[in-house]
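Student: The structure follows.
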Amino acid sequence: MIRTNSGMYAVEAPVSVGLTMLGAMVSNGNAPTVHKQWFMDQLHEGDKVLFAAKCNKHNNCQFWLPNPDKIGKEISTVGYYRADNAGTNTTTLCGKGKLRPEIEAQVCPTGSAPSTANTDREQ
């Protein structure tokens, strides 16, 4: 897991394609995916990691990380991203009078709820 200011990235260990294929051949396709040991297995909380990520609309990502064991080479792997401030569908109903006032007060940003205050002044 990699924590950033905007959310959390889960990065899978790279796959050993050769060992995975060999295992599948000897077990008629019932072998698990074999992951390589890599430098991220040795990191501690607070350590910094340089990486690039390209994520699709479902936040499934392809990652590229510099390989500290082979200067000038990159490790390519997959994972996903989860934002700290996830999108919500509640704001589409805010201010439209479709939500009960107590629900609207909980889920809508302030200022979007319709005003129910009396605007008439007594004289």
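Labels used: A, B, ... for chains in the order of the structure tokens, numbers from 1 for residues in each chain, and numbers from 1 for ligands as shown.
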List every residue of region 5-41 of chain A that has an atom at most 9 Å from any atom of region 70-94 of chain A, giving for each one its closest atom pair and the distance in Å to one decimal, counting only C-alpha atoms, sorted by chain and then by ascending residue number, as a tab-separated table.

Tutor:
```
residue	atom	partner	partner_atom	distance
A:Asn5	CA	A:Asp84	CA	8.5
A:Ser6	CA	A:Asp84	CA	5.9
A:Gly7	CA	A:Ala83	CA	4.2
A:Met8	CA	A:Arg82	CA	5.4
A:Tyr9	CA	A:Tyr81	CA	4.5
A:Ala10	CA	A:Gly79	CA	5.3
A:Val11	CA	A:Gly79	CA	4.5
A:Glu12	CA	A:Gly79	CA	5.5
A:Ala13	CA	A:Thr77	CA	6.8
A:Pro14	CA	A:Thr77	CA	5.2
A:Val15	CA	A:Thr77	CA	7.6
```

Student: If DSSP is run on the backbone, what residues of chain A are alpha helix (DSSP H)? A reply as a ChimeraX atom specification would be ideal.

Tutor: /A:17-26,101-107

Student: At what distance in Å, to one decimal, does CA of Pro68 (chain A) lie from CA of Leu50 (chain A)?

Tutor: 10.7 Å

Student: Could you list, as a PyMOL selection string, every residue within 7 Å of region 26-39 of chain A, counting only C-alpha atoms and ignoring same-chain residues fewer than 2 positions away?

Tutor: chain A and resi 13-16+19-20+22-24+41-42

Student: Save the residues we just selected, N, CA, C and O atoms, as a PDB file, in the first residue's frame?

Tutor:
```
ATOM      1  N   ALA A  13       2.660  -7.186  -5.968  1.00  0.00           N
ATOM      2  CA  ALA A  13       4.017  -7.617  -6.297  1.00  0.00           C
ATOM      3  C   ALA A  13       4.033  -8.083  -7.747  1.00  0.00           C
ATOM      4  O   ALA A  13       3.052  -8.647  -8.240  1.00  0.00           O
ATOM      5  N   PRO A  14       5.143  -7.865  -8.461  1.00  0.00           N
ATOM      6  CA  PRO A  14       5.218  -8.317  -9.851  1.00  0.00           C
ATOM      7  C   PRO A  14       5.095  -9.839  -9.944  1.00  0.00           C
ATOM      8  O   PRO A  14       5.463 -10.564  -9.029  1.00  0.00           O
ATOM      9  N   VAL A  15       4.578 -10.284 -11.066  1.00  0.00           N
ATOM     10  CA  VAL A  15       4.345 -11.718 -11.299  1.00  0.00           C
ATOM     11  C   VAL A  15       5.559 -12.344 -11.973  1.00  0.00           C
ATOM     12  O   VAL A  15       6.147 -11.774 -12.884  1.00  0.00           O
ATOM     13  N   SER A  16       5.913 -13.526 -11.517  1.00  0.00           N
ATOM     14  CA  SER A  16       6.927 -14.331 -12.193  1.00  0.00           C
ATOM     15  C   SER A  16       6.210 -15.139 -13.268  1.00  0.00           C
ATOM     16  O   SER A  16       5.605 -16.178 -12.981  1.00  0.00           O
ATOM     17  N   LEU A  19       7.574 -18.920 -13.766  1.00  0.00           N
ATOM     18  CA  LEU A  19       7.175 -19.865 -12.723  1.00  0.00           C
ATOM     19  C   LEU A  19       5.666 -20.094 -12.705  1.00  0.00           C
ATOM     20  O   LEU A  19       5.201 -21.203 -12.432  1.00  0.00           O
ATOM     21  N   THR A  20       4.904 -19.059 -13.004  1.00  0.00           N
ATOM     22  CA  THR A  20       3.446 -19.216 -13.055  1.00  0.00           C
ATOM     23  C   THR A  20       3.052 -20.153 -14.188  1.00  0.00           C
ATOM     24  O   THR A  20       2.213 -21.044 -14.012  1.00  0.00           O
ATOM     25  N   LEU A  22       5.002 -22.454 -15.635  1.00  0.00           N
ATOM     26  CA  LEU A  22       5.499 -23.788 -15.324  1.00  0.00           C
ATOM     27  C   LEU A  22       4.558 -24.489 -14.340  1.00  0.00           C
ATOM     28  O   LEU A  22       4.212 -25.658 -14.523  1.00  0.00           O
ATOM     29  N   GLY A  23       4.137 -23.779 -13.318  1.00  0.00           N
ATOM     30  CA  GLY A  23       3.201 -24.342 -12.355  1.00  0.00           C
ATOM     31  C   GLY A  23       1.886 -24.739 -13.002  1.00  0.00           C
ATOM     32  O   GLY A  23       1.302 -25.769 -12.674  1.00  0.00           O
ATOM     33  N   ALA A  24       1.415 -23.931 -13.938  1.00  0.00           N
ATOM     34  CA  ALA A  24       0.161 -24.237 -14.630  1.00  0.00           C
ATOM     35  C   ALA A  24       0.308 -25.478 -15.514  1.00  0.00           C
ATOM     36  O   ALA A  24      -0.616 -26.283 -15.611  1.00  0.00           O
ATOM     37  N   ASP A  41       8.715  -5.199  -0.307  1.00  0.00           N
ATOM     38  CA  ASP A  41       8.515  -6.096   0.829  1.00  0.00           C
ATOM     39  C   ASP A  41       9.348  -5.659   2.032  1.00  0.00           C
ATOM     40  O   ASP A  41       9.045  -6.027   3.159  1.00  0.00           O
ATOM     41  N   GLN A  42      10.396  -4.884   1.799  1.00  0.00           N
ATOM     42  CA  GLN A  42      11.313  -4.467   2.866  1.00  0.00           C
ATOM     43  C   GLN A  42      11.046  -3.058   3.379  1.00  0.00           C
ATOM     44  O   GLN A  42      11.729  -2.583   4.279  1.00  0.00           O
TER      45      GLN A  42
END
```

Student: Can you tell me how far CA of Glu104 (chain A) sits from CA of Asn59 (chain A), in Å to one decimal?

Tutor: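 Here the two named atoms are 28.8 Å from each other.
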
Student: Pick from A:Leu99, A:Thr4, A:Gln106, A:His58: nearest to Gly46 (chain A), with only C-alpha atoms counted?

Tutor: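 Under the stated criterion, the closest residue is A:Thr4.
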
Student: Expressed in Å to a single decimal, how great is the separation between CA of Ile2 (chain A) and CA of Val17 (chain A)?

Tutor: 24.3 Å

Student: Report as a PyMOL selection string: the residues of chain A with a DSSP assignment of strand (DSSP E), based on the backbone of this structure.

Tutor: chain A and resi 2-3+7-11+52-55+60-66+74-83
